[in-house]
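A.B. asks: What follows is model.cif, made up of mmCIF, C-alpha atoms:
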```
data_work
#
loop_
_atom_site.label_atom_id
_atom_site.label_comp_id
_atom_site.auth_asym_id
_atom_site.auth_seq_id
_atom_site.Cartn_x
_atom_site.Cartn_y
_atom_site.Cartn_z
CA MET A 1443 12.36 29.43 10.66
CA GLY A 1444 14.39 28.40 7.58
CA LYS A 1445 13.89 25.09 5.82
CA TRP A 1446 15.89 22.13 7.03
CA VAL A 1447 17.04 19.07 5.21
CA ILE A 1448 17.96 15.97 7.18
CA ARG A 1449 21.06 14.34 5.73
CA ASN A 1450 22.94 11.24 6.81
CA SER A 1451 26.36 9.64 6.56
CA LEU A 1452 25.16 6.06 6.26
CA ARG A 1453 27.16 5.36 3.11
CA LYS A 1454 30.39 6.64 4.69
CA LEU A 1455 29.74 4.78 7.95
CA ARG A 1456 29.03 1.52 6.13
CA PHE A 1457 32.25 1.98 4.16
CA ASN A 1458 34.21 2.58 7.36
CA HIS A 1459 32.76 -0.57 8.89
CA ASP A 1460 34.39 -3.04 6.51
CA GLU A 1461 32.09 -2.07 3.64
CA MET A 1462 29.04 -3.30 5.56
CA THR A 1463 26.23 -4.13 3.12
CA GLN A 1464 22.79 -2.53 3.29
CA GLN A 1465 21.36 -5.99 4.00
CA GLN A 1466 23.72 -6.50 6.96
CA LEU A 1467 22.80 -3.12 8.41
CA ALA A 1468 19.09 -3.83 7.85
CA GLU A 1469 19.37 -7.12 9.74
CA LYS A 1470 21.28 -5.43 12.57
CA VAL A 1471 18.62 -2.78 13.12
CA GLY A 1472 15.59 -4.92 12.27
CA VAL A 1473 14.22 -3.31 9.10
CA THR A 1474 14.10 -4.27 5.42
CA ARG A 1475 16.94 -3.48 3.03
CA GLN A 1476 14.55 -1.19 1.11
CA THR A 1477 14.16 0.98 4.20
CA ILE A 1478 17.94 1.34 4.53
CA VAL A 1479 18.11 2.25 0.81
CA ALA A 1480 15.38 4.87 1.30
CA ILE A 1481 17.12 6.36 4.36
CA GLU A 1482 20.48 6.44 2.60
CA LYS A 1483 18.99 8.23 -0.40
CA GLY A 1484 17.31 10.73 1.91
CA HIS A 1485 13.85 9.59 0.82
CA TYR A 1486 12.76 8.53 4.27
CA SER A 1487 13.36 10.01 7.70
CA PRO A 1488 13.40 7.16 10.22
CA SER A 1489 11.71 7.19 13.59
CA LEU A 1490 13.79 8.34 16.55
CA GLU A 1491 14.02 4.74 17.76
CA LEU A 1492 15.35 3.45 14.43
CA ALA A 1493 17.77 6.39 14.20
CA PHE A 1494 19.21 5.44 17.60
CA ARG A 1495 19.39 1.78 16.60
CA ILE A 1496 21.38 2.73 13.48
CA ALA A 1497 23.73 4.93 15.50
CA ARG A 1498 24.22 2.09 18.01
CA ALA A 1499 24.93 -0.36 15.17
CA PHE A 1500 27.88 1.84 14.17
CA ASN A 1501 28.75 2.64 17.78
CA VAL A 1502 28.68 6.39 17.14
CA PRO A 1503 26.53 9.27 18.51
CA LEU A 1504 23.28 9.99 16.70
CA GLU A 1505 24.51 13.31 15.28
CA GLU A 1506 27.31 11.50 13.49
CA VAL A 1507 24.75 9.54 11.51
CA PHE A 1508 22.05 12.15 11.00
CA PHE A 1509 22.53 15.89 10.76
CA VAL A 1510 20.62 18.90 9.62
CA GLU A 1511 21.53 21.19 6.75
CA ASP A 1512 19.99 24.54 5.96
CA ASN A 1513 18.27 24.37 2.62
CA GLY A 1514 18.97 28.07 1.98
CA SER A 1515 16.04 30.28 1.01
CA MET B 1293 11.44 -3.65 -8.35
CA SER B 1294 11.26 -4.48 -4.64
CA TYR B 1295 9.04 -7.13 -3.10
CA GLN B 1296 6.73 -4.45 -1.68
CA GLU B 1297 6.33 -2.80 -5.09
CA ARG B 1298 5.58 -6.15 -6.72
CA ARG B 1299 3.02 -6.89 -4.04
CA ALA B 1300 1.27 -3.54 -4.58
CA LEU B 1301 1.32 -4.04 -8.36
CA ALA B 1302 -0.08 -7.56 -8.00
CA SER B 1303 -2.78 -6.24 -5.70
CA LEU B 1304 -3.70 -3.59 -8.27
CA ILE B 1305 -3.84 -6.07 -11.14
CA SER B 1306 -5.79 -8.65 -9.14
CA THR B 1307 -8.34 -6.03 -8.01
CA LEU B 1308 -8.85 -4.87 -11.60
CA LEU B 1309 -9.02 -8.36 -13.09
CA PHE B 1310 -11.09 -9.98 -10.39
CA SER B 1311 -13.66 -7.16 -10.18
CA THR B 1312 -14.03 -7.03 -13.97
CA VAL B 1313 -14.52 -10.79 -14.26
CA TYR B 1314 -16.80 -11.05 -11.22
CA PHE B 1315 -19.10 -8.15 -12.00
CA GLY B 1316 -19.02 -8.95 -15.73
CA TYR B 1317 -20.45 -12.35 -14.80
CA VAL B 1318 -22.83 -11.17 -12.07
CA LEU B 1319 -24.37 -8.28 -13.99
CA GLN B 1320 -25.59 -10.70 -16.68
CA ARG B 1321 -27.86 -12.15 -14.00
CA TYR B 1322 -29.48 -8.81 -13.13
CA PRO B 1323 -33.21 -9.49 -12.66
CA ALA B 1324 -35.35 -7.93 -15.36
CA GLY B 1325 -38.49 -5.98 -14.53
CA ASP B 1326 -39.33 -3.52 -11.77
CA PRO B 1327 -36.14 -1.78 -10.52
CA TYR B 1328 -37.76 -1.45 -7.06
CA SER B 1329 -38.71 -5.13 -6.66
CA PRO B 1330 -37.31 -7.15 -3.70
CA ASP B 1331 -35.53 -9.39 -6.23
CA VAL B 1332 -33.31 -6.47 -7.24
CA PHE B 1333 -32.33 -5.77 -3.62
CA ARG B 1334 -31.67 -9.48 -3.04
CA PHE B 1335 -29.53 -9.57 -6.20
CA TRP B 1336 -27.36 -6.65 -5.08
CA GLY B 1337 -27.13 -7.88 -1.49
CA LEU B 1338 -25.98 -11.33 -2.60
CA SER B 1339 -23.57 -9.96 -5.21
CA ILE B 1340 -21.82 -7.77 -2.64
CA LEU B 1341 -21.89 -10.38 0.13
CA VAL B 1342 -20.25 -12.97 -2.11
CA TYR B 1343 -17.79 -10.47 -3.60
CA ILE B 1344 -16.23 -9.44 -0.27
CA PRO B 1345 -14.97 -12.85 1.00
CA VAL B 1346 -14.09 -14.11 -2.48
CA SER B 1347 -12.01 -11.00 -3.22
CA ILE B 1348 -10.24 -11.33 0.15
CA ILE B 1349 -9.36 -14.96 -0.63
CA ALA B 1350 -8.22 -13.99 -4.16
CA ASN B 1351 -5.98 -11.29 -2.66
CA ILE B 1352 -4.44 -13.70 -0.17
CA VAL B 1353 -3.74 -16.22 -2.94
CA ILE B 1354 -2.17 -13.49 -5.11
CA HIS B 1355 0.07 -12.40 -2.22
CA ILE B 1356 1.25 -15.97 -1.63
CA VAL B 1357 1.96 -16.42 -5.35
CA VAL B 1358 3.87 -13.09 -5.51
CA SER B 1359 5.90 -14.01 -2.44
CA MET B 1360 6.83 -17.40 -3.91
CA ALA B 1361 7.60 -15.92 -7.34
CA HIS B 1362 9.74 -13.20 -5.73
CA THR B 1363 11.76 -15.74 -3.74
CA MET B 1364 12.29 -17.92 -6.82
CA ALA B 1365 13.17 -15.00 -9.10
CA THR B 1366 15.57 -13.20 -6.78
CA LYS B 1367 16.83 -16.19 -4.75
CA GLU B 1368 16.76 -13.77 -1.80
CA GLN B 1369 16.76 -15.33 1.63
CA GLU B 1370 15.39 -12.09 3.03
CA HIS B 1371 12.07 -12.60 4.84
CA PRO B 1372 9.45 -10.22 3.48
CA PHE B 1373 8.22 -8.54 6.66
CA ALA B 1374 6.70 -5.14 7.36
CA ASP B 1375 8.88 -2.59 9.15
CA GLU B 1376 8.05 0.95 10.31
CA ARG B 1377 8.31 2.43 6.79
CA ASP B 1378 6.04 -0.27 5.33
CA ARG B 1379 3.47 0.35 8.06
CA LEU B 1380 3.63 4.12 7.47
CA ILE B 1381 3.15 3.65 3.72
CA GLU B 1382 0.27 1.25 4.33
CA LEU B 1383 -1.31 3.79 6.67
CA ARG B 1384 -1.03 6.59 4.10
CA ALA B 1385 -2.36 4.35 1.34
CA THR B 1386 -5.30 3.29 3.51
CA GLN B 1387 -5.99 6.93 4.29
CA ASN B 1388 -6.21 7.75 0.56
CA ALA B 1389 -8.40 4.70 -0.01
CA ILE B 1390 -10.78 5.77 2.78
CA TYR B 1391 -11.12 9.24 1.20
CA VAL B 1392 -12.19 7.58 -2.06
CA PHE B 1393 -14.69 5.33 -0.33
CA THR B 1394 -16.12 8.27 1.62
CA VAL B 1395 -16.71 10.19 -1.61
CA GLY B 1396 -18.32 7.09 -3.14
CA PHE B 1397 -20.52 6.58 -0.09
CA LEU B 1398 -21.68 10.20 -0.19
CA LEU B 1399 -22.40 9.93 -3.92
CA ALA B 1400 -24.39 6.73 -3.30
CA MET B 1401 -26.47 8.45 -0.62
CA GLY B 1402 -26.84 11.46 -2.92
CA SER B 1403 -28.25 9.21 -5.64
CA LEU B 1404 -30.97 8.11 -3.20
CA ALA B 1405 -31.61 11.70 -2.17
CA VAL B 1406 -32.33 12.71 -5.77
CA ASN B 1407 -34.67 9.75 -6.31
CA LEU B 1408 -32.50 7.69 -8.64
CA PRO B 1409 -33.26 3.95 -8.74
CA PRO B 1410 -31.67 1.90 -5.94
CA SER B 1411 -29.48 0.08 -8.47
CA VAL B 1412 -27.59 3.35 -9.01
CA LYS B 1413 -26.75 3.44 -5.29
CA PHE B 1414 -25.44 -0.12 -5.38
CA ILE B 1415 -23.44 0.46 -8.57
CA VAL B 1416 -21.86 3.61 -7.08
CA LEU B 1417 -21.06 1.69 -3.88
CA ILE B 1418 -19.47 -1.19 -5.82
CA VAL B 1419 -17.48 1.13 -8.09
CA SER B 1420 -16.25 3.11 -5.08
CA GLY B 1421 -15.31 -0.16 -3.36
CA ILE B 1422 -13.26 -1.20 -6.39
CA MET B 1423 -11.76 2.30 -6.70
CA THR B 1424 -10.83 2.10 -3.01
CA GLY B 1425 -8.74 -1.01 -3.73
CA ILE B 1426 -7.18 0.56 -6.81
CA VAL B 1427 -6.32 3.86 -5.10
CA GLY B 1428 -4.89 1.98 -2.09
CA ALA B 1429 -2.62 -0.15 -4.29
CA LEU B 1430 -1.65 2.82 -6.50
CA SER B 1431 -0.83 4.93 -3.43
CA GLU B 1432 1.40 2.18 -2.03
CA LEU B 1433 3.14 1.84 -5.38
CA TYR B 1434 3.60 5.63 -5.60
CA PHE B 1435 5.01 5.96 -2.07
CA TYR B 1436 7.43 3.07 -2.59
CA ARG B 1437 8.57 4.46 -5.97
CA LYS B 1438 8.81 8.11 -4.99
CA GLY B 1439 10.30 7.37 -1.60
CA PHE B 1440 8.75 8.13 1.71
#
```
Show me the file's structure as structure tokens.

C.D. replies:
Amino acid sequence: MGKWVIRNSLRKLRFNHDEMTQQQLAEKVGVTRQTIVAIEKGHYSPSLELAFRIARAFNVPLEEVFFVEDNGS
Amino acid sequence: MSYQERRALASLISTLLFSTVYFGYVLQRYPAGDPYSPDVFRFWGLSILVYIPVSIIANIVIHIVVSMAHTMATKEQEHPFADERDRLIELRATQNAIYVFTVGFLLAMGSLAVNLPPSVKFIVLIVSGIMTGIVGALSELYFYRKGF
């Protein structure tokens, strides 16, 4: 199995939602702003529950927020 | 620097400072004479028993001070609470700290096995206890900096 990288479109989604701030998103999903920063930078993969909460905050399916990219080999 | 990073850094500095000051003071009172006398065991027992609650209180005070200083410096209204990432980082940091203490504990028992004076065992235990705190705080700092 090849290596996967989990990417996300948080920045784009925040922009499309009236330039929602990281703090606003953090409050909506119940985590700290630092966690949103870490997720956005790809430094932290959230739990399934948090991933769903983020998707619900933007009212989009999960795969629109998080997706997998092949890292090549 | 985030609140969590400041807290880990403060924890690291307070562990280093407090342990140095405390054991610097306590070791001056080490009873002279036979290293196997009951006075020596009483000395080490008391030193460690007093160190544990006092260091916990010192840590709590430091955390309160850091929290207040952070709020004043950043004027953030954000409540510093622990979310899933914080708990995961804390868990990993604790895991690293436990590895260090386990090594220290084994070394302390090893010192008894090779007939070194009991003071060596206590010193190794105390040093590993301090190292446990340092490694825990350093691990937290590393995970927050590097990303997790």

A.B. asks: What does the PyMOL selection byres ((chain B) within 8 of (chain A)) select in this file, as an NGL selection string?

C.D. replies: :B and (1294 or 1372-1377 or 1438-1440)

A.B. asks: To one decimal in Å, tell me the separation between CA of Ala1302 in chain B and CA of Leu1319 in chain B.

C.D. replies: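 Pair CA of Ala1302 in chain B / CA of Leu1319 in chain B returns 25.0 Å.
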
A.B. asks: Record the distance separating CA of Ile1496 in chain A and CA of His1362 in chain B, expressed in Å with one decimal.

C.D. replies: 27.5 Å

A.B. asks: Decode the PyMOL selection byres ((chain A and resi 1507) around 10) for the given file into explicit residues and return them as a VMD selection string.

C.D. replies: chain A and resid 1449 to 1455 1493 to 1494 1496 to 1498 1500 1502 to 1506 1508 to 1509

A.B. asks: With distances taken over all atoms listed in the file, which residue among B:Thr1424, B:Ser1347, B:Ser1431, B:Ser1411 lies nearest Arg1334 in chain B?

C.D. replies: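 The shortest atom-to-atom distance to Arg1334 in chain B comes from B:Ser1411.
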
A.B. asks: So the first atom is CA of Tyr1328 in chain B and the second is CA of Ala1405 in chain B; what is the distance between them in Å, to one decimal place?

C.D. replies: 15.3 Å

A.B. asks: Find the axis-aligned box for range 1500-1506 of chain A, covering all its listed atoms and adding 3 Å on each side, and write its centre and edge lengths in Å to one decimal as lines of an AutoDock Vina configuration file.

C.D. replies:
```
center_x = 26.0
center_y = 7.6
center_z = 16.0
size_x = 11.5
size_y = 17.5
size_z = 11.0
```

A.B. asks: Name the closest residue to Ala1429 in chain B among the candidates B:Ala1324, B:Arg1379, B:Thr1312, B:Ala1389; distances are taken between atoms, counting all atoms listed in the file.

C.D. replies: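 For Ala1429 in chain B, the nearest of the candidates is B:Ala1389.
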
A.B. asks: Output requested as a PDB file, in the coordinates of the input - range 1464-1488 of chain A, filled out with N, CA and C atoms.

C.D. replies:
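out-v6.pdb written:
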```pdb
ATOM      1  N   GLN A1464      24.079  -3.074   2.827  1.00  0.00           N
ATOM      2  CA  GLN A1464      22.790  -2.530   3.290  1.00  0.00           C
ATOM      3  C   GLN A1464      21.987  -3.640   3.966  1.00  0.00           C
ATOM      4  N   GLN A1465      22.094  -4.848   3.430  1.00  0.00           N
ATOM      5  CA  GLN A1465      21.360  -5.990   4.000  1.00  0.00           C
ATOM      6  C   GLN A1465      21.846  -6.291   5.420  1.00  0.00           C
ATOM      7  N   GLN A1466      23.166  -6.234   5.617  1.00  0.00           N
ATOM      8  CA  GLN A1466      23.720  -6.500   6.960  1.00  0.00           C
ATOM      9  C   GLN A1466      23.228  -5.449   7.959  1.00  0.00           C
ATOM     10  N   LEU A1467      23.261  -4.183   7.521  1.00  0.00           N
ATOM     11  CA  LEU A1467      22.800  -3.120   8.410  1.00  0.00           C
ATOM     12  C   LEU A1467      21.308  -3.299   8.714  1.00  0.00           C
ATOM     13  N   ALA A1468      20.545  -3.638   7.671  1.00  0.00           N
ATOM     14  CA  ALA A1468      19.090  -3.830   7.850  1.00  0.00           C
ATOM     15  C   ALA A1468      18.826  -4.927   8.881  1.00  0.00           C
ATOM     16  N   GLU A1469      19.564  -6.012   8.791  1.00  0.00           N
ATOM     17  CA  GLU A1469      19.370  -7.120   9.740  1.00  0.00           C
ATOM     18  C   GLU A1469      19.761  -6.688  11.157  1.00  0.00           C
ATOM     19  N   LYS A1470      20.816  -5.881  11.246  1.00  0.00           N
ATOM     20  CA  LYS A1470      21.280  -5.430  12.570  1.00  0.00           C
ATOM     21  C   LYS A1470      20.243  -4.562  13.276  1.00  0.00           C
ATOM     22  N   VAL A1471      19.555  -3.715  12.486  1.00  0.00           N
ATOM     23  CA  VAL A1471      18.620  -2.780  13.120  1.00  0.00           C
ATOM     24  C   VAL A1471      17.164  -3.223  12.991  1.00  0.00           C
ATOM     25  N   GLY A1472      16.930  -4.337  12.312  1.00  0.00           N
ATOM     26  CA  GLY A1472      15.590  -4.920  12.270  1.00  0.00           C
ATOM     27  C   GLY A1472      14.615  -4.268  11.316  1.00  0.00           C
ATOM     28  N   VAL A1473      15.124  -3.832  10.144  1.00  0.00           N
ATOM     29  CA  VAL A1473      14.220  -3.310   9.100  1.00  0.00           C
ATOM     30  C   VAL A1473      14.559  -4.000   7.787  1.00  0.00           C
ATOM     31  N   THR A1474      13.802  -3.669   6.722  1.00  0.00           N
ATOM     32  CA  THR A1474      14.100  -4.270   5.420  1.00  0.00           C
ATOM     33  C   THR A1474      15.232  -3.494   4.738  1.00  0.00           C
ATOM     34  N   ARG A1475      15.855  -4.146   3.757  1.00  0.00           N
ATOM     35  CA  ARG A1475      16.940  -3.480   3.030  1.00  0.00           C
ATOM     36  C   ARG A1475      16.407  -2.239   2.305  1.00  0.00           C
ATOM     37  N   GLN A1476      15.141  -2.329   1.831  1.00  0.00           N
ATOM     38  CA  GLN A1476      14.550  -1.190   1.110  1.00  0.00           C
ATOM     39  C   GLN A1476      14.475   0.053   2.000  1.00  0.00           C
ATOM     40  N   THR A1477      14.238  -0.161   3.282  1.00  0.00           N
ATOM     41  CA  THR A1477      14.160   0.980   4.200  1.00  0.00           C
ATOM     42  C   THR A1477      15.541   1.624   4.359  1.00  0.00           C
ATOM     43  N   ILE A1478      16.582   0.790   4.437  1.00  0.00           N
ATOM     44  CA  ILE A1478      17.940   1.340   4.530  1.00  0.00           C
ATOM     45  C   ILE A1478      18.275   2.113   3.246  1.00  0.00           C
ATOM     46  N   VAL A1479      17.881   1.559   2.097  1.00  0.00           N
ATOM     47  CA  VAL A1479      18.110   2.250   0.810  1.00  0.00           C
ATOM     48  C   VAL A1479      17.423   3.612   0.831  1.00  0.00           C
ATOM     49  N   ALA A1480      16.152   3.615   1.278  1.00  0.00           N
ATOM     50  CA  ALA A1480      15.380   4.870   1.300  1.00  0.00           C
ATOM     51  C   ALA A1480      16.006   5.888   2.249  1.00  0.00           C
ATOM     52  N   ILE A1481      16.485   5.426   3.397  1.00  0.00           N
ATOM     53  CA  ILE A1481      17.120   6.360   4.360  1.00  0.00           C
ATOM     54  C   ILE A1481      18.405   6.914   3.744  1.00  0.00           C
ATOM     55  N   GLU A1482      19.197   6.029   3.165  1.00  0.00           N
ATOM     56  CA  GLU A1482      20.480   6.440   2.600  1.00  0.00           C
ATOM     57  C   GLU A1482      20.307   7.478   1.487  1.00  0.00           C
ATOM     58  N   LYS A1483      19.253   7.285   0.695  1.00  0.00           N
ATOM     59  CA  LYS A1483      18.990   8.230  -0.400  1.00  0.00           C
ATOM     60  C   LYS A1483      18.346   9.523   0.089  1.00  0.00           C
ATOM     61  N   GLY A1484      17.972   9.542   1.366  1.00  0.00           N
ATOM     62  CA  GLY A1484      17.310  10.730   1.910  1.00  0.00           C
ATOM     63  C   GLY A1484      15.836  10.779   1.570  1.00  0.00           C
ATOM     64  N   HIS A1485      15.273   9.632   1.169  1.00  0.00           N
ATOM     65  CA  HIS A1485      13.850   9.590   0.820  1.00  0.00           C
ATOM     66  C   HIS A1485      12.958   9.321   2.021  1.00  0.00           C
ATOM     67  N   TYR A1486      13.565   8.865   3.088  1.00  0.00           N
ATOM     68  CA  TYR A1486      12.760   8.530   4.270  1.00  0.00           C
ATOM     69  C   TYR A1486      13.498   8.939   5.531  1.00  0.00           C
ATOM     70  N   SER A1487      12.792   9.656   6.397  1.00  0.00           N
ATOM     71  CA  SER A1487      13.360  10.010   7.700  1.00  0.00           C
ATOM     72  C   SER A1487      12.894   8.988   8.722  1.00  0.00           C
ATOM     73  N   PRO A1488      13.819   8.235   9.309  1.00  0.00           N
ATOM     74  CA  PRO A1488      13.400   7.160  10.220  1.00  0.00           C
ATOM     75  C   PRO A1488      12.855   7.696  11.530  1.00  0.00           C
TER      76      PRO A1488
END
```
